[in-house]
file coords-v6.cif (mmCIF, C-alpha atoms and all ligand atoms)
data_structure
#
loop_
_atom_site.label_atom_id
_atom_site.label_comp_id
_atom_site.auth_asym_id
_atom_site.auth_seq_id
_atom_site.Cartn_x
_atom_site.Cartn_y
_atom_site.Cartn_z
CA MET A 1 0.00 0.00 0.00
CA HIS A 2 1.61 3.23 -1.20
CA ASN A 3 0.07 6.38 0.28
CA ILE A 4 1.03 9.84 -0.91
CA VAL A 5 -0.11 13.29 0.19
CA ILE A 6 -0.16 16.12 -2.33
CA PHE A 7 0.23 19.38 -0.53
CA GLY A 8 0.06 23.03 -1.55
CA GLY A 9 -1.89 26.25 -1.52
CA PRO A 10 -5.31 26.73 -3.10
CA GLY A 11 -4.94 26.54 -6.88
CA SER A 12 -1.44 25.02 -6.71
CA GLY A 13 -2.38 22.13 -9.01
CA LYS A 14 -3.15 19.42 -6.46
CA GLY A 15 -6.23 18.19 -8.31
CA THR A 16 -4.65 18.36 -11.77
CA GLN A 17 -1.59 16.38 -10.69
CA SER A 18 -3.53 13.91 -8.50
CA VAL A 19 -5.52 12.65 -11.48
CA LYS A 20 -2.26 11.87 -13.29
CA ILE A 21 -0.66 10.30 -10.21
CA ALA A 22 -3.71 8.10 -9.56
CA ASP A 23 -3.62 6.93 -13.16
CA LYS A 24 0.12 6.18 -13.32
CA TYR A 25 0.51 4.51 -9.91
CA GLY A 26 -2.93 2.90 -9.56
CA LEU A 27 -3.75 4.93 -6.44
CA PHE A 28 -7.23 5.92 -5.31
CA HIS A 29 -7.67 9.72 -5.49
CA ILE A 30 -9.34 11.31 -2.48
CA SER A 31 -9.96 15.05 -2.85
CA THR A 32 -11.69 16.22 0.31
CA GLY A 33 -12.82 19.38 -1.50
CA ASP A 34 -14.52 17.24 -4.18
CA VAL A 35 -16.10 15.05 -1.48
CA LEU A 36 -17.55 18.13 0.25
CA ARG A 37 -18.75 19.71 -3.01
CA ASP A 38 -20.51 16.43 -3.83
CA HIS A 39 -22.30 16.59 -0.43
CA ILE A 40 -23.33 20.19 -1.18
CA ALA A 41 -24.68 19.21 -4.61
CA ARG A 42 -26.70 16.36 -3.05
CA ARG A 43 -27.91 18.67 -0.24
CA THR A 44 -26.95 16.20 2.48
CA ASP A 45 -26.67 17.26 6.14
CA ILE A 46 -22.87 17.39 5.77
CA GLY A 47 -23.33 19.49 2.62
CA LYS A 48 -25.48 22.01 4.47
CA VAL A 49 -22.77 22.51 7.10
CA ALA A 50 -19.88 22.50 4.60
CA ASP A 51 -21.47 25.07 2.28
CA SER A 52 -21.09 28.04 4.62
CA TYR A 53 -17.43 27.28 5.38
CA ILE A 54 -16.41 26.60 1.78
CA SER A 55 -18.06 29.69 0.31
CA GLN A 56 -16.14 31.84 2.77
CA GLY A 57 -12.87 30.05 2.10
CA ALA A 58 -12.69 28.73 5.67
CA LEU A 59 -11.84 25.19 6.80
CA ILE A 60 -14.50 22.71 7.86
CA PRO A 61 -14.00 21.88 11.59
CA ASP A 62 -11.43 19.13 12.17
CA ARG A 63 -13.77 16.74 13.98
CA LEU A 64 -16.26 16.71 11.15
CA MET A 65 -13.59 16.52 8.43
CA ILE A 66 -11.78 13.64 10.12
CA LYS A 67 -15.05 11.72 10.57
CA ILE A 68 -15.88 12.19 6.86
CA LEU A 69 -12.44 10.86 5.87
CA GLU A 70 -12.64 7.89 8.24
CA ASP A 71 -16.07 6.92 6.89
CA LEU A 72 -14.82 7.26 3.33
CA LEU A 73 -11.81 5.00 3.95
CA VAL A 74 -14.07 2.37 5.52
CA SER A 75 -16.64 2.47 2.71
CA ARG A 76 -13.92 2.43 0.00
CA LYS A 77 -11.76 -0.25 1.59
CA GLU A 78 -11.50 -2.29 -1.60
CA GLU A 79 -10.60 0.66 -3.88
CA THR A 80 -8.00 2.03 -1.47
CA LYS A 81 -6.15 -1.22 -0.84
CA HIS A 82 -3.27 -0.40 -3.23
CA GLY A 83 -2.87 3.09 -1.79
CA VAL A 84 -4.32 6.56 -1.84
CA ILE A 85 -3.30 9.94 -3.17
CA PHE A 86 -4.62 12.36 -0.53
CA ASP A 87 -5.47 15.75 -2.10
CA GLY A 88 -6.52 18.53 0.28
CA PHE A 89 -6.12 16.45 3.42
CA PRO A 90 -4.51 17.01 5.89
CA ARG A 91 -4.81 20.78 6.31
CA THR A 92 -4.21 21.10 10.05
CA LEU A 93 -1.94 19.42 12.60
CA PRO A 94 -4.77 17.36 14.18
CA GLN A 95 -5.69 16.11 10.69
CA ALA A 96 -2.06 15.16 9.94
CA GLU A 97 -1.70 13.28 13.23
CA GLU A 98 -5.00 11.50 12.70
CA LEU A 99 -4.04 10.51 9.15
CA ASP A 100 -0.79 8.94 10.37
CA LYS A 101 -2.76 6.99 13.00
CA LEU A 102 -5.35 5.86 10.48
CA VAL A 103 -2.85 4.51 7.96
CA GLU A 104 -0.68 2.98 10.69
CA SER A 105 -3.75 1.13 12.00
CA VAL A 106 -3.82 -0.84 8.73
CA GLY A 107 -0.07 -1.44 8.80
CA ALA A 108 0.71 1.26 6.23
CA LYS A 109 2.26 4.74 6.22
CA ILE A 110 2.29 8.04 4.37
CA ALA A 111 5.37 7.40 2.24
CA ALA A 112 5.87 10.90 0.87
CA VAL A 113 4.37 14.37 0.91
CA VAL A 114 4.72 16.26 -2.35
CA GLY A 115 4.55 20.00 -1.74
CA LEU A 116 3.67 22.13 -4.77
CA GLU A 117 5.29 25.50 -4.22
CA VAL A 118 3.66 28.35 -6.14
CA PRO A 119 3.76 32.10 -5.35
CA ASP A 120 0.51 33.62 -4.04
CA GLU A 121 0.09 35.97 -7.02
CA GLU A 122 0.17 33.00 -9.41
CA LEU A 123 -2.30 31.07 -7.22
CA ALA A 124 -4.72 34.00 -7.13
CA ALA A 125 -4.45 34.52 -10.89
CA ARG A 126 -5.19 30.83 -11.58
CA MET A 127 -8.26 30.82 -9.33
CA ILE A 128 -9.63 34.10 -10.70
CA ARG A 129 -9.19 32.69 -14.21
CA ARG A 130 -10.91 29.45 -13.28
CA GLY A 131 -13.68 31.36 -11.46
CA ILE A 132 -14.99 32.70 -14.76
CA ASP A 133 -16.71 29.40 -15.45
CA SER A 134 -15.94 26.99 -12.55
CA GLY A 135 -19.16 27.65 -10.67
CA ARG A 136 -17.13 27.21 -7.44
CA SER A 137 -18.50 29.38 -4.65
CA ASP A 138 -14.95 30.05 -3.40
CA ASP A 139 -13.38 31.19 -6.71
CA ASN A 140 -14.03 34.89 -6.07
CA GLU A 141 -11.63 37.58 -4.87
CA GLN A 142 -12.81 37.74 -1.27
CA ALA A 143 -12.85 33.97 -0.70
CA ILE A 144 -9.51 33.56 -2.50
CA ARG A 145 -7.87 36.09 -0.18
CA HIS A 146 -9.19 34.17 2.81
CA ARG A 147 -8.18 30.77 1.38
CA LEU A 148 -4.60 32.02 0.95
CA ALA A 149 -4.51 33.42 4.50
CA VAL A 150 -5.90 30.17 5.94
CA TYR A 151 -3.33 28.18 3.98
CA HIS A 152 -0.40 30.19 5.35
CA LYS A 153 -1.67 30.18 8.92
CA GLN A 154 -3.14 26.71 9.38
CA THR A 155 -1.83 24.44 6.63
CA GLN A 156 1.66 25.55 5.64
CA PRO A 157 3.07 24.76 9.12
CA LEU A 158 2.49 21.07 8.32
CA GLN A 159 5.56 21.25 6.10
CA GLU A 160 7.58 21.13 9.30
CA TYR A 161 5.57 18.22 10.69
CA TYR A 162 6.42 16.15 7.63
CA ALA A 163 9.96 17.48 7.21
CA ALA A 164 10.73 16.33 10.77
CA SER A 165 10.15 12.74 9.65
CA GLY A 166 11.92 13.24 6.29
CA ARG A 167 8.72 12.97 4.29
CA TYR A 168 8.33 16.51 2.91
CA HIS A 169 9.50 17.05 -0.68
CA ALA A 170 9.19 20.52 -2.15
CA ILE A 171 8.41 20.68 -5.86
CA LYS A 172 8.43 23.79 -8.02
CA GLY A 173 4.74 24.07 -8.90
CA VAL A 174 5.20 26.61 -11.70
CA GLY A 175 5.81 25.40 -15.25
CA THR A 176 4.00 23.03 -17.57
CA ILE A 177 1.78 20.33 -16.10
CA GLU A 178 4.08 17.66 -17.58
CA GLU A 179 7.28 19.20 -16.17
CA ILE A 180 5.74 19.34 -12.72
CA PHE A 181 4.42 15.79 -13.06
CA ASP A 182 7.92 14.52 -13.92
CA SER A 183 9.33 16.09 -10.73
CA ILE A 184 6.52 14.52 -8.70
CA CYS A 185 7.12 11.08 -10.20
CA ALA A 186 10.79 11.26 -9.25
CA VAL A 187 9.77 11.81 -5.61
CA ILE A 188 7.15 9.05 -5.65
CA ASP A 189 9.50 6.55 -7.32
CA ALA A 190 12.15 7.25 -4.68
CA SER A 191 9.63 6.70 -1.86
CA LYS A 192 8.70 3.15 -2.91
P1 LIG B 1 -10.13 22.15 -2.14
O1 LIG B 1 -11.14 21.67 -3.09
O2 LIG B 1 -9.09 21.24 -1.66
O3 LIG B 1 -9.50 23.47 -2.80
P2 LIG B 1 -8.12 24.21 -2.65
O4 LIG B 1 -7.11 23.59 -1.78
O5 LIG B 1 -8.48 25.61 -2.38
O6 LIG B 1 -7.49 24.02 -4.06
P3 LIG B 1 -8.14 23.94 -5.48
O7 LIG B 1 -8.93 22.70 -5.64
O8 LIG B 1 -8.79 25.23 -5.82
O9 LIG B 1 -6.81 23.89 -6.35
P4 LIG B 1 -5.84 22.66 -6.62
O10 LIG B 1 -4.61 22.79 -5.81
O11 LIG B 1 -6.57 21.37 -6.62
O12 LIG B 1 -5.42 23.04 -8.10
P5 LIG B 1 -6.09 22.65 -9.49
O13 LIG B 1 -5.47 21.42 -10.04
O14 LIG B 1 -7.56 22.72 -9.38
O15 LIG B 1 -10.86 22.77 -0.85
C1 LIG B 1 -11.94 23.66 -1.00
C2 LIG B 1 -12.53 23.95 0.37
O16 LIG B 1 -13.06 22.75 0.95
C3 LIG B 1 -11.56 24.48 1.44
O17 LIG B 1 -11.36 25.88 1.34
C4 LIG B 1 -12.30 24.08 2.72
O18 LIG B 1 -13.40 24.95 2.94
C5 LIG B 1 -12.86 22.71 2.35
N1 LIG B 1 -11.92 21.63 2.68
C6 LIG B 1 -11.37 20.74 1.81
N2 LIG B 1 -10.55 19.89 2.43
C7 LIG B 1 -10.58 20.24 3.76
C8 LIG B 1 -9.90 19.74 4.91
N3 LIG B 1 -9.03 18.73 4.84
N4 LIG B 1 -10.18 20.34 6.10
C9 LIG B 1 -11.05 21.37 6.19
N5 LIG B 1 -11.70 21.89 5.13
C10 LIG B 1 -11.46 21.33 3.92
O19 LIG B 1 -5.55 23.88 -10.38
C11 LIG B 1 -6.03 25.18 -10.17
C12 LIG B 1 -6.19 25.88 -11.53
O20 LIG B 1 -4.89 26.06 -12.10
C13 LIG B 1 -7.00 25.08 -12.56
O21 LIG B 1 -7.74 25.95 -13.35
C14 LIG B 1 -5.90 24.36 -13.37
O22 LIG B 1 -6.33 24.10 -14.68
C15 LIG B 1 -4.78 25.36 -13.34
N6 LIG B 1 -3.43 24.77 -13.36
C16 LIG B 1 -3.05 23.57 -12.84
N7 LIG B 1 -1.73 23.37 -13.03
C17 LIG B 1 -1.26 24.46 -13.68
C18 LIG B 1 0.02 24.86 -14.15
N8 LIG B 1 1.11 24.07 -13.99
N9 LIG B 1 0.16 26.07 -14.73
C19 LIG B 1 -0.94 26.88 -14.91
N10 LIG B 1 -2.20 26.56 -14.49
C20 LIG B 1 -2.35 25.36 -13.87
MG MG B 2 -8.48 20.77 -5.95
#

call {"tool": "encode", "arguments": {"input": "coords-v6.cif", "output": "structure tokens"}}
result
Amino acid sequence: MHNIVIFGGPGSGKGTQSVKIADKYGLFHISTGDVLRDHIARRTDIGKVADSYISQGALIPDRLMIKILEDLLVSRKEETKHGVIFDGFPRTLPQAEELDKLVESVGAKIAAVVGLEVPDEELAARMIRRGIDSGRSDDNEQAIRHRLAVYHKQTQPLQEYYAASGRYHAIKGVGTIEEIFDSICAVIDASK
């Protein structure tokens, strides 16, 4: 079981690269943002709670987010047995600690964390561009500003958590999608 975390600011290319990683390495792609947006579209109870946080660019509370991930891993046990590419999770220290516990409980580990490093101005420009037709409630200037601030305050410090155990690998997240993918593959191949 080969588990990878793809890490980076909002708009850094986590989703784009995860699809390619899942395809090449046979990993199951879990994007917590996509999971929450699916709940919102289906108007579930979780969706009703998530909607207000997402549209403001704030994080869903840890307890709820961790429960959603745990339930997902249980219900997708078969699909996740070869490994998972985690996209958008963890975003806080409690989430990172919980994820390590969860994978350790099935005798596995998070082998590598790929950190896509992209300057804020480039991130904002990508999200504004996408916002023209994405329909995402958080692709507007106000929410983008908040998403970037939340990333720097609550999520970026996880780089140290993973660096302390030698698992953090910074990747230049600016360039063509293929160039970035090649750098990511080098990290994943070395973590096997
Ligand atoms: P989430 O859905 O995870 O969004 P995000 O982190 O803000 O990032 P995005 O999905 O916008 O960008 P991405 O990094 O996937 O990049 P993409 O490939 O799309 O989370 C949304 C919200 O859900 C959160 O704010 C929070 O409210 C909630 N949430 C989710 N997980 C949570 C958690 N664990 N805890 C609490 N709350 C949680 O690319 C972006 C754009 O750039 C695209 O248009 C793409 O085409 C383009 N692009 C990609 N690569 C390149 C490139 N190399 N050059 C130029 N453009 C590129
Ligand atoms: Mg995404």

call {"tool": "residues_around", "arguments": {"input": "coords-v6.cif", "residues": "Ala96 of chain A", "least_positions_apart": "2", "cutoff": "12 Å", "atoms": "all atoms listed in the file", "output": "JSON, numbers by chain"}}
result
{"A": [5, 7, 62, 65, 66, 69, 86, 88, 89, 90, 91, 92, 93, 94, 98, 99, 100, 101, 102, 103, 109, 110, 113, 154, 155, 156, 157, 158, 159, 160, 161, 162]}

call {"tool": "residues_near_ligand", "arguments": {"input": "coords-v6.cif", "ligand": "ligand LIG 1 (chain B)", "cutoff": "7 Å", "atoms": "all atoms listed in the file", "output": "PyMOL selection string"}}
result
chain A and resi 8-17+31-34+36+53-54+57-62+65+87-91+126-127+129-130+147+173-177+180

call {"tool": "atom_distance", "arguments": {"input": "coords-v6.cif", "atom1": "atom CA of Asp182 of chain A", "atom2": "atom CA of Ile132 of chain A"}}
result
29.3 Å

call {"tool": "closest_residue", "arguments": {"input": "coords-v6.cif", "among": "A:Ser165, A:Ser137, A:Ser55, A:Ser191", "to": "Ile4 of chain A", "atoms": "all atoms listed in the file"}}
result
A:Ser191

call {"tool": "closest_residue", "arguments": {"input": "coords-v6.cif", "among": "A:Ile30, A:Glu178, A:Ala186, A:Lys81", "to": "ligand MG 2 (chain B)", "atoms": "all atoms listed in the file"}}
result
A:Ile30

call {"tool": "atom_distance", "arguments": {"input": "coords-v6.cif", "atom1": "atom CA of Ser183 of chain A", "atom2": "atom MG of ligand MG 2 (chain B)"}}
result
19.0 Å

call {"tool": "closest_residue", "arguments": {"input": "coords-v6.cif", "among": "A:Ile21, A:Ile6, A:Val114, A:Ile40", "to": "ligand MG 2 (chain B)", "atoms": "all atoms listed in the file"}}
result
A:Ile6

call {"tool": "axis_aligned_box", "arguments": {"input": "coords-v6.cif", "around": "segment 164-171 of chain A", "padding_each_side": "4 Å", "output": "lines of an AutoDock Vina configuration file"}}
result
center_x = 10.1
center_y = 16.7
center_z = 2.5
size_x = 11.6
size_y = 15.9
size_z = 24.6

call {"tool": "closest_residue", "arguments": {"input": "coords-v6.cif", "among": "A:Ser134, A:Thr80, A:Asn3, A:Gln56", "to": "ligand MG 2 (chain B)", "atoms": "all atoms listed in the file"}}
result
A:Ser134

call {"tool": "closest_residue", "arguments": {"input": "coords-v6.cif", "among": "A:Arg76, A:Arg167, A:His2, A:Arg136", "to": "ligand MG 2 (chain B)", "atoms": "only C-alpha atoms and all ligand atoms"}}
result
A:Arg136

call {"tool": "atom_distance", "arguments": {"input": "coords-v6.cif", "atom1": "atom CA of His82 of chain A", "atom2": "atom CA of Asp189 of chain A"}}
result
15.1 Å

call {"tool": "closest_residue", "arguments": {"input": "coords-v6.cif", "among": "A:Ala108, A:Asp139, A:Glu97, A:Ala164", "to": "ligand MG 2 (chain B)", "atoms": "all atoms listed in the file"}}
result
A:Asp139

call {"tool": "residues_around", "arguments": {"input": "coords-v6.cif", "residues": "Asp38 of chain A", "least_positions_apart": "6", "cutoff": "12 Å", "atoms": "all atoms listed in the file", "output": "JSON, numbers by chain"}}
result
{"A": [31, 32, 44, 45, 46, 47, 48, 50, 51, 136]}

call {"tool": "decode", "arguments": {"input": "coords-v6.cif", "residues": "segment 11-71 of chain A", "atoms": "C-alpha atoms", "output": "PDB file, in the first residue's frame"}}
result
ATOM      1  CA  GLY A  11      -4.938  26.537  -6.875  1.00  0.00           C
ATOM      2  CA  SER A  12      -1.443  25.017  -6.714  1.00  0.00           C
ATOM      3  CA  GLY A  13      -2.378  22.135  -9.010  1.00  0.00           C
ATOM      4  CA  LYS A  14      -3.149  19.416  -6.460  1.00  0.00           C
ATOM      5  CA  GLY A  15      -6.232  18.190  -8.307  1.00  0.00           C
ATOM      6  CA  THR A  16      -4.655  18.363 -11.767  1.00  0.00           C
ATOM      7  CA  GLN A  17      -1.594  16.384 -10.686  1.00  0.00           C
ATOM      8  CA  SER A  18      -3.533  13.912  -8.499  1.00  0.00           C
ATOM      9  CA  VAL A  19      -5.520  12.645 -11.485  1.00  0.00           C
ATOM     10  CA  LYS A  20      -2.261  11.867 -13.294  1.00  0.00           C
ATOM     11  CA  ILE A  21      -0.655  10.295 -10.207  1.00  0.00           C
ATOM     12  CA  ALA A  22      -3.714   8.100  -9.559  1.00  0.00           C
ATOM     13  CA  ASP A  23      -3.616   6.933 -13.155  1.00  0.00           C
ATOM     14  CA  LYS A  24       0.117   6.182 -13.316  1.00  0.00           C
ATOM     15  CA  TYR A  25       0.509   4.513  -9.907  1.00  0.00           C
ATOM     16  CA  GLY A  26      -2.931   2.901  -9.557  1.00  0.00           C
ATOM     17  CA  LEU A  27      -3.745   4.929  -6.444  1.00  0.00           C
ATOM     18  CA  PHE A  28      -7.226   5.920  -5.307  1.00  0.00           C
ATOM     19  CA  HIS A  29      -7.668   9.717  -5.485  1.00  0.00           C
ATOM     20  CA  ILE A  30      -9.342  11.308  -2.476  1.00  0.00           C
ATOM     21  CA  SER A  31      -9.959  15.045  -2.850  1.00  0.00           C
ATOM     22  CA  THR A  32     -11.688  16.217   0.315  1.00  0.00           C
ATOM     23  CA  GLY A  33     -12.823  19.377  -1.504  1.00  0.00           C
ATOM     24  CA  ASP A  34     -14.524  17.242  -4.176  1.00  0.00           C
ATOM     25  CA  VAL A  35     -16.104  15.051  -1.482  1.00  0.00           C
ATOM     26  CA  LEU A  36     -17.548  18.129   0.250  1.00  0.00           C
ATOM     27  CA  ARG A  37     -18.753  19.705  -3.010  1.00  0.00           C
ATOM     28  CA  ASP A  38     -20.512  16.432  -3.827  1.00  0.00           C
ATOM     29  CA  HIS A  39     -22.301  16.595  -0.434  1.00  0.00           C
ATOM     30  CA  ILE A  40     -23.329  20.186  -1.180  1.00  0.00           C
ATOM     31  CA  ALA A  41     -24.677  19.214  -4.612  1.00  0.00           C
ATOM     32  CA  ARG A  42     -26.696  16.365  -3.052  1.00  0.00           C
ATOM     33  CA  ARG A  43     -27.912  18.669  -0.243  1.00  0.00           C
ATOM     34  CA  THR A  44     -26.947  16.199   2.482  1.00  0.00           C
ATOM     35  CA  ASP A  45     -26.667  17.261   6.140  1.00  0.00           C
ATOM     36  CA  ILE A  46     -22.873  17.392   5.769  1.00  0.00           C
ATOM     37  CA  GLY A  47     -23.328  19.486   2.624  1.00  0.00           C
ATOM     38  CA  LYS A  48     -25.479  22.010   4.468  1.00  0.00           C
ATOM     39  CA  VAL A  49     -22.768  22.505   7.097  1.00  0.00           C
ATOM     40  CA  ALA A  50     -19.882  22.503   4.595  1.00  0.00           C
ATOM     41  CA  ASP A  51     -21.472  25.068   2.283  1.00  0.00           C
ATOM     42  CA  SER A  52     -21.089  28.035   4.622  1.00  0.00           C
ATOM     43  CA  TYR A  53     -17.428  27.279   5.380  1.00  0.00           C
ATOM     44  CA  ILE A  54     -16.411  26.598   1.779  1.00  0.00           C
ATOM     45  CA  SER A  55     -18.063  29.690   0.311  1.00  0.00           C
ATOM     46  CA  GLN A  56     -16.137  31.843   2.771  1.00  0.00           C
ATOM     47  CA  GLY A  57     -12.869  30.048   2.100  1.00  0.00           C
ATOM     48  CA  ALA A  58     -12.689  28.728   5.673  1.00  0.00           C
ATOM     49  CA  LEU A  59     -11.839  25.186   6.796  1.00  0.00           C
ATOM     50  CA  ILE A  60     -14.503  22.713   7.864  1.00  0.00           C
ATOM     51  CA  PRO A  61     -13.999  21.880  11.587  1.00  0.00           C
ATOM     52  CA  ASP A  62     -11.428  19.128  12.166  1.00  0.00           C
ATOM     53  CA  ARG A  63     -13.770  16.742  13.984  1.00  0.00           C
ATOM     54  CA  LEU A  64     -16.262  16.711  11.146  1.00  0.00           C
ATOM     55  CA  MET A  65     -13.590  16.523   8.429  1.00  0.00           C
ATOM     56  CA  ILE A  66     -11.777  13.636  10.121  1.00  0.00           C
ATOM     57  CA  LYS A  67     -15.050  11.718  10.567  1.00  0.00           C
ATOM     58  CA  ILE A  68     -15.876  12.190   6.865  1.00  0.00           C
ATOM     59  CA  LEU A  69     -12.439  10.860   5.873  1.00  0.00           C
ATOM     60  CA  GLU A  70     -12.636   7.888   8.241  1.00  0.00           C
ATOM     61  CA  ASP A  71     -16.073   6.923   6.894  1.00  0.00           C
TER      62      ASP A  71
END
